[in-house]
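Here's start_24.cif, which has mmCIF, C-alpha atoms:
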data_run
loop_
_atom_site.label_atom_id
_atom_site.label_comp_id
_atom_site.auth_asym_id
_atom_site.auth_seq_id
_atom_site.Cartn_x
_atom_site.Cartn_y
_atom_site.Cartn_z
CA MET D 1 -64.52 -3.05 103.19
CA GLU D 2 -60.89 -4.04 103.43
CA SER D 3 -59.48 -5.27 100.13
CA SER D 4 -56.25 -7.04 99.71
CA PHE D 5 -54.19 -6.54 96.58
CA GLY D 6 -51.18 -8.59 95.67
CA GLU D 7 -48.41 -7.70 93.25
CA ASP D 8 -50.23 -9.23 90.27
CA GLU D 9 -53.36 -7.17 90.92
CA ILE D 10 -51.31 -4.02 91.34
CA ILE D 11 -49.52 -4.64 88.03
CA ALA D 12 -52.91 -5.27 86.41
CA TYR D 13 -54.07 -1.93 87.86
CA LEU D 14 -50.99 -0.16 86.47
CA VAL D 15 -51.42 -1.53 82.97
CA GLY D 16 -55.19 -1.06 82.96
CA ASP D 17 -56.23 -4.71 83.16
CA LEU D 18 -58.48 -4.49 86.24
CA ASN D 19 -62.22 -4.22 85.74
CA ALA D 20 -64.00 -1.05 86.89
CA GLY D 21 -65.08 -2.48 90.24
CA GLU D 22 -61.62 -3.79 91.16
CA ARG D 23 -60.08 -0.55 90.02
CA ASP D 24 -62.42 1.50 92.15
CA SER D 25 -61.70 -0.74 95.11
CA LEU D 26 -57.95 -0.22 94.72
CA ASP D 27 -58.42 3.55 94.34
CA ALA D 28 -60.45 3.54 97.54
CA ARG D 29 -57.72 1.69 99.38
CA LEU D 30 -55.20 4.29 98.26
CA SER D 31 -57.27 7.02 99.90
CA ALA D 32 -57.86 4.95 103.03
CA GLU D 33 -54.25 3.91 103.43
CA PRO D 34 -51.68 6.38 102.05
CA LEU D 35 -48.76 4.03 102.79
CA PHE D 36 -50.24 1.59 100.29
CA ALA D 37 -49.56 4.23 97.62
CA GLU D 38 -45.84 3.88 98.31
CA THR D 39 -46.08 0.14 97.69
CA VAL D 40 -47.83 0.76 94.36
CA MET D 41 -45.21 3.34 93.38
CA ALA D 42 -42.39 0.93 94.29
CA ILE D 43 -43.98 -1.84 92.22
CA GLU D 44 -44.39 0.54 89.29
CA ASP D 45 -40.76 1.67 89.52
CA ASP D 46 -39.57 -1.91 89.62
CA LEU D 47 -41.81 -2.97 86.74
CA LEU D 48 -40.62 -0.15 84.50
CA ALA D 49 -36.97 -0.69 85.44
CA GLU D 50 -37.32 -4.34 84.50
CA TYR D 51 -38.91 -3.28 81.24
CA ALA D 52 -36.07 -0.84 80.55
CA ARG D 53 -33.57 -3.57 81.34
CA GLY D 54 -35.09 -5.66 78.56
CA GLY D 55 -36.71 -8.21 80.89
CA LEU D 56 -40.33 -9.39 81.32
CA SER D 57 -42.34 -11.59 78.97
CA GLY D 58 -43.33 -10.35 75.54
CA GLN D 59 -46.95 -10.19 76.66
CA THR D 60 -46.19 -8.05 79.72
CA ARG D 61 -43.95 -5.80 77.68
CA ALA D 62 -46.72 -5.31 75.14
CA ARG D 63 -49.20 -4.42 77.93
CA ILE D 64 -46.77 -1.91 79.35
CA GLU D 65 -46.11 -0.36 75.95
CA LYS D 66 -49.81 0.03 75.34
CA ALA D 67 -50.56 1.53 78.75
CA TYR D 68 -47.54 3.82 78.96
CA ASN D 69 -47.82 5.20 75.46
CA GLU D 70 -51.35 6.44 76.04
CA ILE D 71 -50.48 9.74 77.68
CA PRO D 72 -47.30 11.84 77.67
CA ALA D 73 -46.91 11.78 81.45
CA ARG D 74 -46.83 8.00 81.50
CA ARG D 75 -44.42 7.89 78.59
CA ALA D 76 -42.20 10.27 80.55
CA ARG D 77 -42.44 7.88 83.51
CA LEU D 78 -41.14 5.08 81.28
CA ASP D 79 -38.37 7.32 79.95
CA ALA D 80 -37.39 8.15 83.54
CA ALA D 81 -36.89 4.43 84.18
CA TYR D 82 -34.36 4.35 81.34
CA ALA D 83 -32.65 7.47 82.71
CA PHE D 84 -32.47 5.90 86.15
CA LEU D 85 -30.83 2.72 84.84
CA ASP D 86 -28.51 4.73 82.58
CA SER D 87 -27.38 6.74 85.60
CA ILE D 88 -26.51 3.59 87.54
CA ARG D 89 -24.64 2.13 84.57
CA GLY D 90 -22.76 5.41 84.21
CA ALA D 91 -21.81 5.37 87.87
CA THR D 92 -20.65 1.75 87.59
CA ALA D 93 -18.50 2.54 84.57
CA ALA D 94 -16.89 5.42 86.47
CA LEU D 95 -15.87 3.22 89.42
CA PRO D 96 -12.17 2.29 89.58
CA ARG D 97 -11.76 -1.38 88.76
CA SER D 98 -10.49 -3.23 91.84
CA ARG D 99 -7.70 -5.70 91.25
CA PRO D 100 -8.39 -9.23 92.53
CA PRO D 101 -6.23 -10.25 95.49
CA ALA D 102 -3.01 -12.01 94.44
CA ARG D 103 0.13 -13.17 96.12
CA ARG D 104 2.99 -10.81 95.51
CA ALA D 105 5.27 -13.30 93.69
CA GLY D 106 2.42 -14.64 91.59
CA TYR D 107 1.30 -11.15 90.77
CA PHE D 108 4.84 -10.22 89.68
CA VAL D 109 5.09 -13.22 87.31
CA VAL D 110 1.67 -12.51 85.86
CA SER D 111 2.58 -8.84 85.42
CA MET D 112 5.80 -9.70 83.60
CA LEU D 113 4.00 -12.15 81.32
CA ALA D 114 1.38 -9.54 80.60
CA ALA D 115 4.03 -6.92 79.81
CA ALA D 116 5.82 -9.37 77.47
CA ALA D 117 2.58 -10.21 75.73
CA LEU D 118 1.85 -6.52 75.31
CA MET D 119 5.29 -5.84 73.77
CA LEU D 120 4.89 -8.79 71.40
CA ALA D 121 1.57 -7.46 70.31
CA VAL D 122 3.05 -4.04 69.57
CA TRP D 123 6.02 -5.40 67.68
CA LEU D 124 4.27 -7.96 65.54
CA PRO D 125 4.05 -6.18 62.19
CA SER D 126 1.08 -8.14 60.97
CA ARG D 127 -0.99 -7.36 64.10
CA ARG D 128 -3.47 -4.57 63.48
CA HIS D 129 -5.05 -4.15 66.91
CA PHE D 130 -5.13 -5.65 70.39
CA ASP D 131 -7.86 -7.79 71.85
CA SER D 132 -9.50 -5.44 74.30
CA PRO D 133 -11.32 -6.49 77.46
CA HIS D 134 -15.03 -7.18 77.00
CA ILE D 135 -16.72 -3.88 77.66
CA GLY D 136 -18.71 -3.24 74.49
CA PRO D 137 -20.84 -5.24 72.08
CA ASP D 138 -19.61 -8.57 70.73
CA ALA D 139 -20.52 -7.67 67.17
CA SER D 140 -21.90 -4.73 65.22
CA PHE D 141 -24.14 -4.77 62.19
CA GLU D 142 -25.20 -1.84 60.08
CA LEU D 143 -28.76 -1.88 58.80
CA GLY D 144 -30.48 0.26 56.21
CA ALA D 145 -34.06 1.38 56.70
CA GLY D 146 -36.82 -0.43 54.89
CA GLN D 147 -34.74 -3.29 53.57
CA THR D 148 -36.93 -6.32 53.39
CA ARG D 149 -36.20 -9.68 54.89
CA SER D 150 -36.15 -11.27 51.48
CA GLY D 151 -33.64 -10.04 48.97
CA ALA D 152 -31.93 -6.95 50.31
CA GLY D 153 -32.54 -7.70 54.02
CA LYS D 154 -29.54 -8.33 56.20
CA GLU D 155 -28.80 -11.91 57.11
CA ILE D 156 -26.84 -12.11 60.30
CA VAL D 157 -24.81 -14.86 61.87
CA LEU D 158 -24.15 -14.17 65.54
CA PRO D 159 -20.69 -14.97 66.87
CA ALA D 160 -20.64 -17.91 69.28
CA GLY D 161 -20.96 -16.82 72.91
CA ALA D 162 -22.05 -13.28 72.00
CA ARG D 163 -23.84 -11.40 74.77
CA THR D 164 -24.55 -8.02 73.21
CA ILE D 165 -25.13 -7.16 69.56
CA GLU D 166 -24.91 -3.59 68.40
CA PHE D 167 -27.08 -2.42 65.54
CA GLN D 168 -26.03 0.69 63.68
CA LEU D 169 -29.12 2.04 62.01
CA ARG D 170 -28.77 4.25 58.95
CA LEU D 171 -31.16 7.18 58.64
CA GLU D 172 -32.43 8.30 55.30
CA ASN D 173 -32.46 11.95 56.35
CA GLN D 174 -30.55 13.85 58.99
CA GLN D 175 -32.68 13.64 62.15
CA ASP D 176 -31.21 15.29 65.25
CA PHE D 177 -33.60 14.21 67.95
CA SER D 178 -32.52 14.12 71.57
CA TYR D 179 -34.37 10.90 72.36
CA TRP D 180 -34.18 7.59 70.54
CA ARG D 181 -35.61 4.20 71.34
CA ALA D 182 -35.60 0.92 69.45
CA SER D 183 -38.14 -1.86 69.63
CA LEU D 184 -37.49 -5.35 68.38
CA GLY D 185 -40.19 -7.80 67.36
CA THR D 186 -41.11 -10.87 65.43
CA VAL D 187 -44.41 -11.81 63.83
CA GLU D 188 -45.34 -13.85 66.93
CA HIS D 189 -44.01 -11.30 69.46
CA PRO D 190 -44.23 -7.78 68.01
CA ALA D 191 -42.55 -6.21 71.06
CA SER D 192 -40.12 -8.79 72.31
CA TRP D 193 -37.49 -6.24 73.35
CA SER D 194 -37.25 -2.49 73.65
CA GLY D 195 -34.29 -0.41 74.65
CA PRO D 196 -32.48 2.89 74.39
CA ALA D 197 -30.70 4.09 71.27
CA SER D 198 -28.42 7.03 70.65
CA LEU D 199 -27.26 9.08 67.72
CA ARG D 200 -23.64 8.56 66.71
CA ASP D 201 -22.55 10.55 63.68
CA ARG D 202 -25.28 9.79 61.14
CA LEU D 203 -26.16 6.42 62.63
CA VAL D 204 -28.48 5.57 65.48
CA VAL D 205 -26.94 2.87 67.62
CA THR D 206 -28.69 0.41 69.89
CA ALA D 207 -27.37 -2.59 71.82
CA VAL D 208 -29.57 -5.67 71.92
CA PRO D 209 -29.00 -8.62 74.29
CA ALA D 210 -28.04 -11.63 72.17
CA SER D 211 -30.34 -13.73 74.37
CA VAL D 212 -33.40 -12.24 72.64
CA LEU D 213 -32.05 -12.97 69.15
CA ALA D 214 -33.00 -16.57 68.40
CA PRO D 215 -32.81 -17.62 64.73
CA GLY D 216 -35.67 -16.09 62.77
CA ASP D 217 -36.95 -12.94 61.08
CA TYR D 218 -37.00 -9.67 62.99
CA THR D 219 -38.31 -6.16 62.67
CA LEU D 220 -36.47 -3.38 64.46
CA LYS D 221 -38.45 -0.17 64.79
CA LEU D 222 -36.78 3.09 65.58
CA PHE D 223 -38.59 5.84 67.47
CA GLY D 224 -37.24 9.35 67.84
CA GLY D 225 -38.32 12.69 69.21
CA ASP D 226 -37.39 15.57 71.42
CA ALA D 227 -37.66 15.56 75.21
CA GLY D 228 -41.22 15.94 76.37
CA ALA D 229 -42.62 15.52 72.87
CA ASP D 230 -44.06 12.59 70.98
CA THR D 231 -41.61 9.97 69.79
CA PRO D 232 -43.13 8.60 66.60
CA GLU D 233 -41.69 5.78 64.60
CA ARG D 234 -38.92 7.10 62.34
CA ALA D 235 -37.76 4.00 60.49
CA THR D 236 -38.14 0.25 60.30
CA TYR D 237 -35.36 -2.25 59.70
CA TYR D 238 -35.63 -5.91 58.80
CA PHE D 239 -33.09 -8.65 59.32
CA ARG D 240 -32.82 -12.36 59.74
CA ILE D 241 -30.78 -14.20 62.34
CA GLU D 242 -29.36 -17.38 60.81
CA MET E 1 -51.43 34.20 99.84
CA GLY E 2 -48.44 31.92 99.81
CA ASP E 3 -44.74 32.73 99.97
CA TRP E 4 -43.56 29.99 97.62
CA GLN E 5 -40.04 30.44 96.34
CA MET E 6 -38.78 28.86 93.15
CA THR E 7 -35.66 27.49 94.79
CA GLU E 8 -37.61 25.64 97.47
CA ALA E 9 -40.50 24.45 95.30
CA LEU E 10 -42.73 24.23 98.35
CA PRO E 11 -45.85 26.04 99.48
CA SER E 12 -45.69 28.43 102.39
CA SER E 13 -44.88 27.18 105.86
CA GLU E 14 -48.39 28.22 106.84
CA TRP E 15 -49.74 25.45 104.62
CA LEU E 16 -47.05 22.96 105.40
CA ARG E 17 -47.74 23.24 109.14
CA LEU E 18 -51.07 21.59 108.47
CA LEU E 19 -49.23 18.43 107.49
CA ASP E 20 -46.74 18.34 110.36
CA SER E 21 -45.57 20.74 113.05
CA ASP E 22 -41.95 19.90 112.26
CA PRO E 23 -40.97 21.95 109.16
CA THR E 24 -38.61 19.31 107.74
CA ALA E 25 -41.09 16.49 108.21
CA ALA E 26 -43.82 18.69 106.75
CA SER E 27 -41.86 19.46 103.59
CA ASP E 28 -40.97 15.78 103.18
CA LYS E 29 -44.62 14.82 103.57
CA TYR E 30 -45.66 17.48 101.08
CA SER E 31 -43.16 16.26 98.48
CA GLU E 32 -44.16 12.65 98.97
CA LEU E 33 -47.84 13.55 98.81
CA CYS E 34 -47.38 15.46 95.56
CA ARG E 35 -45.47 12.65 93.92
CA GLY E 36 -48.09 10.15 95.00
CA LEU E 37 -50.97 12.27 93.75
CA VAL E 38 -49.35 12.86 90.37
CA ARG E 39 -48.83 9.13 89.98
CA TYR E 40 -52.39 8.43 91.06
CA PHE E 41 -53.73 10.57 88.25
CA GLU E 42 -51.25 9.01 85.83
CA TRP E 43 -52.46 5.54 86.82
CA ASN E 44 -55.95 6.70 86.00
CA ARG E 45 -54.84 7.92 82.57
CA CYS E 46 -55.47 11.60 83.24
CA LEU E 47 -53.95 13.77 80.56
CA GLU E 48 -52.76 16.43 83.00
CA PRO E 49 -51.88 14.66 86.23
CA GLU E 50 -49.89 17.56 87.67
CA ASP E 51 -52.77 19.99 87.27
CA MET E 52 -55.09 17.52 88.95
CA ALA E 53 -52.65 17.03 91.82
CA GLN E 54 -52.49 20.81 92.24
CA GLU E 55 -56.28 21.02 92.26
CA THR E 56 -56.37 18.33 94.95
CA LEU E 57 -53.84 20.19 97.08
CA LEU E 58 -55.60 23.49 96.57
CA ARG E 59 -58.97 22.08 97.65
CA GLY E 60 -57.49 20.27 100.63
CA PHE E 61 -55.49 23.17 101.99
CA ARG E 62 -58.31 25.63 101.32
CA ARG E 63 -60.76 23.51 103.29
CA LEU E 64 -58.30 23.09 106.10
CA SER E 65 -57.73 26.85 106.25
CA GLU E 66 -61.51 27.32 106.40
CA GLY E 67 -61.67 25.20 109.52
CA ALA E 68 -62.17 21.67 108.20
CA THR E 69 -60.67 19.06 110.48
CA ILE E 70 -58.85 15.93 109.46
CA THR E 71 -60.62 12.92 110.84
CA VAL E 72 -58.26 10.29 109.48
CA GLY E 73 -55.07 9.43 111.37
CA ASP E 74 -52.70 10.36 108.56
CA PRO E 75 -53.35 13.84 107.07
CA ARG E 76 -52.22 12.53 103.69
CA GLY E 77 -55.26 10.24 103.64
CA TYR E 78 -57.40 13.37 103.64
CA PHE E 79 -55.78 14.52 100.38
CA TRP E 80 -56.01 11.08 98.83
CA GLY E 81 -59.73 11.14 99.55
CA ILE E 82 -60.02 14.48 97.75
CA ALA E 83 -58.00 13.10 94.84
CA TYR E 84 -60.44 10.22 94.59
CA ASN E 85 -63.30 12.74 94.31
CA VAL E 86 -61.45 14.98 91.84
CA LEU E 87 -61.02 11.93 89.63
CA ARG E 88 -64.58 10.67 89.96
CA GLU E 89 -66.12 14.05 89.18
CA GLY E 90 -64.03 14.27 86.00
CA TRP E 91 -62.42 17.60 86.88
CA LYS E 92 -60.62 19.21 83.95
CA PRO E 93 -57.92 21.85 84.30
CA GLN E 94 -58.56 25.39 83.11
CA ARG E 95 -56.21 26.75 80.54
CA GLU E 96 -55.24 29.71 82.72
CA VAL E 97 -52.97 29.04 85.66
CA SER E 98 -54.17 30.87 88.74
CA ILE E 99 -52.00 32.37 91.43
CA GLU E 100 -53.38 29.77 93.79
CA ASP E 101 -52.19 26.94 91.56
CA ARG E 102 -48.68 28.30 91.71
CA ASP E 103 -48.86 28.19 95.49
CA PHE E 104 -48.77 24.40 95.33
CA PRO E 105 -45.86 23.47 93.11
CA VAL E 106 -45.35 19.86 92.17
CA PRO E 107 -41.78 18.75 92.92
CA ASP E 108 -39.79 17.16 90.09
CA SER E 109 -42.27 18.14 87.39
CA ASP E 110 -39.72 20.34 85.62
CA PHE E 111 -36.98 17.77 86.13
CA ARG E 112 -39.07 15.14 84.39
CA ARG E 113 -39.23 17.36 81.32
CA LEU E 114 -35.47 17.14 80.86
CA SER E 115 -34.23 14.73 78.23
CA ARG E 116 -33.38 11.24 79.32
CA ALA E 117 -29.65 11.92 78.90
CA GLU E 118 -29.87 15.07 81.03
CA GLN E 119 -31.84 13.29 83.76
CA SER E 120 -29.31 10.50 83.76
CA ILE E 121 -26.38 12.89 84.19
CA PHE E 122 -27.98 14.65 87.16
CA LEU E 123 -28.98 11.40 88.80
CA ARG E 124 -25.52 9.95 88.30
CA GLU E 125 -23.86 12.96 89.89
CA CYS E 126 -26.19 12.74 92.87
CA GLN E 127 -25.31 9.11 93.52
CA ASP E 128 -22.05 10.27 95.07
CA ALA E 129 -24.07 11.72 97.93
CA LEU E 130 -25.51 8.32 98.85
CA PRO E 131 -24.11 6.24 101.70
CA ALA E 132 -21.90 3.36 100.51
CA HIS E 133 -24.41 0.60 101.30
CA GLU E 134 -27.18 2.36 99.36
CA LYS E 135 -24.88 2.86 96.41
CA GLU E 136 -23.90 -0.80 96.48
CA MET E 137 -27.56 -1.81 96.60
CA LEU E 138 -28.35 0.52 93.70
CA ILE E 139 -25.53 -0.82 91.52
CA ALA E 140 -26.56 -4.42 92.18
CA TYR E 141 -30.12 -3.52 91.28
CA GLY E 142 -29.08 -1.64 88.14
CA GLU E 143 -27.06 -4.62 86.97
CA GLY E 144 -30.03 -6.93 87.49
CA ARG E 145 -28.45 -8.55 90.56
CA GLY E 146 -30.91 -7.10 93.05
CA ALA E 147 -32.39 -10.43 94.19
CA GLU E 148 -28.95 -11.94 94.66
CA TRP E 149 -27.73 -8.89 96.62
CA GLY E 150 -30.91 -8.91 98.72
CA GLY E 151 -30.44 -12.62 99.47
CA ARG E 152 -26.87 -12.06 100.63
CA ASN E 153 -27.95 -9.21 102.87
CA GLY E 154 -31.08 -10.84 104.24
CA ILE E 155 -33.48 -8.44 102.51
CA GLU E 156 -36.77 -9.74 101.16
CA PRO E 157 -37.60 -8.83 97.51
CA GLY E 158 -40.54 -6.60 98.55
CA THR E 159 -38.41 -4.74 101.07
CA LEU E 160 -35.61 -4.32 98.56
CA ARG E 161 -38.05 -2.89 96.03
CA LEU E 162 -39.30 -0.37 98.59
CA ARG E 163 -35.75 0.61 99.54
CA ILE E 164 -34.78 1.10 95.91
CA HIS E 165 -37.89 3.22 95.45
CA ARG E 166 -36.97 5.41 98.43
CA VAL E 167 -33.37 5.79 97.29
CA ARG E 168 -34.59 6.74 93.85
CA GLN E 169 -36.99 9.32 95.30
CA LYS E 170 -34.11 10.74 97.29
CA LEU E 171 -31.90 10.88 94.20
CA GLU E 172 -34.61 12.61 92.21
CA ARG E 173 -35.00 15.14 95.00
CA PHE E 174 -31.24 15.79 95.04
CA ALA E 175 -31.18 15.97 91.25
CA THR E 176 -34.08 18.41 91.12
CA ASN E 177 -32.38 20.66 93.64
CA SER E 178 -29.03 20.50 91.86
CA TRP E 179 -30.66 21.18 88.53
CA ARG E 180 -32.45 24.22 89.89
#
Would you mind writing the file's structure down as structure tokens?
Amino acid sequence: MESSFGEDEIIAYLVGDLNAGERDSLDARLSAEPLFAETVMAIEDDLLAEYARGGLSGQTRARIEKAYNEIPARRARLDAAYAFLDSIRGATAALPRSRPPARRAGYFVVSMLAAAALMLAVWLPSRRHFDSPHIGPDASFELGAGQTRSGAGKEIVLPAGARTIEFQLRLENQQDFSYWRASLGTVEHPASWSGPASLRDRLVVTAVPASVLAPGDYTLKLFGGDAGADTPERATYYFRIE
Amino acid sequence: MGDWQMTEALPSSEWLRLLDSDPTAASDKYSELCRGLVRYFEWNRCLEPEDMAQETLLRGFRRLSEGATITVGDPRGYFWGIAYNVLREGWKPQREVSIEDRDFPVPDSDFRRLSRAEQSIFLRECQDALPAHEKEMLIAYGEGRGAEWGGRNGIEPGTLRLRIHRVRQKLERFATNSWR
């Protein structure tokens, strides 16, 4: 019997939401039509890349987290999605920045103005540092593990127009794992965002899109481990966005 | 039995010939088949998907060498059918790895055990080997502009997804070879 499976059914298959009969039917189609397997693999790759990018609804993210944390091979598949996106970002950062087309005279005037502005900035004794082009986070906040939302918890006001917020997470003990991941949640949406983190000195740093930080109380969980091993939760941080 | 070499990560040409008479096409089909089988067992929450993929390959090639004939149009369908049975019968890997198992290596399995940072470095280096249009497509996709890029280039979302998947497979193949 020929069965037709759309993207939604395939995603349901991947995250374990199909019933046994539907699942068996999809498995049978894979053996009857090997090219269909490539479609399922492409949908899985795309789904996990979108997850790693911080997209998808909270509900879909939670389903993915549940399904892909069940066995190490699937967790590794999710990690590979992060590695894939990291590699593209790395390649993009390494590209030479092309200059927008400009008329020669106009370009000369702009260049002179820019040079003058640069000299002014250097000579002004009260100036401590230049405004750099937007390449990093718009703001950084350091958080200590286990601080509660009330009392000692960090209350944060996001700068207007911020796109990326960096959280610098203090560790209670030295933990030199090669793999770190952070997961952000609220009471209503326990896994509203998840993304990579990295160790910098004694802090673990993660960059969160400001778009997921509406005013409210948040829990940021930090997971760490070595490649190919489990990545249990290492610390929890609480903060409030004003 | 086989003459598998670590650097090639492929079974012997004697086995590969059963998939395609052209050696290059045969090795490509083998790699693609392995990756698909591993994923299939992952999708079905098997704890050791690579071992199960190897068992599938072992059974398939053994039967073919014993004179079984492939009745489906695409030889890969024959292996998918075996995988379906391996799964349904609840096959569990033995702790000891036999010589025969090593005759059917699973591409990329070692690469996937590298840390995320290491994988990323290898993949990034391999992107230089891609043609310019594939690189452009990849960057747009990585930056979350895939749909926009596809629209400008007349590529449907489903087609774009498949192309990205194929480019990624290619990159992982390059990266595995460069890592070895």
(request) Show which residues sit within 9 Å of Glu143 of chain E, as JSON, numbers by chain. Count all atoms listed in the file, and ignore same-chain residues fewer than 5 positions away. (result) {"D": [53, 85, 88, 89], "E": [138]}
With all atoms listed in the file considered, list every residue of chain E at most 7 Å from chain D, as a list in words.
Gly36, Glu42, Trp43, Arg45, Leu47, Arg76, Gly77, Trp80, Gly81, Tyr84, Arg112, Arg113, Leu114, Ser115, Arg116, Ala117, Gln119, Ser120, Ile121, Leu123, Arg124, Ile139, Gly142, Arg161, Leu162 and His165 of chain E
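Separating atom CA of Ser140 of chain D from atom CA of Arg240 of chain D is a distance of 14.4 Å.
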Discussion item. Translate the PyMOL selection byres ((chain E and resi 83) around 9) into a concrete residue list for this structure, as a PyMOL selection string.
Written reply: (chain D and resi 31) or (chain E and resi 37+40-41+52-53+55-57+78-82+84-88)
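For the atom pair formed by atom CA of Glu14 of chain E and atom CA of Cys34 of chain E, the distance is 17.1 Å, given to one decimal.
Atom pair atom CA of Lys221 of chain D / atom CA of Ala12 of chain D: separated by 26.5 Å.
If you apply the PyMOL selection byres ((chain D and resi 59) around 12) to this structure, you end up with D:Val15, D:Tyr51, D:Gly55, D:Leu56, D:Ser57, D:Gly58, D:Thr60, D:Arg61, D:Ala62, D:Arg63, D:Ile64, D:Glu65, D:Lys66, D:Gly185, D:Glu188, D:His189, D:Pro190, D:Ala191, D:Ser192, D:Trp193.
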inquiry  = So that I can see what lies close to Lys154 of chain D, please list as a list in words the residues with an atom at most 12 Å from it, counting all atoms listed in the file and leaving out residues fewer than 3 positions away in the same chain.
reply    = Phe141, Glu142, Leu143, Gly144, Ala145, Gly146, Gln147, Thr148, Arg149, Ser150, Gly151, Val157, Phe167, Leu169, Gly216, Asp217, Tyr218, Thr219, Leu220, Tyr237, Tyr238, Phe239, Arg240, Ile241 and Glu242 of chain D
Close residues, Phe223 of chain D itself excluded, 10 Å, all atoms listed in the file, min 2 positions apart in chain, as number ranges by chain:
D: 177, 179-183, 196-197, 220-221, 225, 230-236
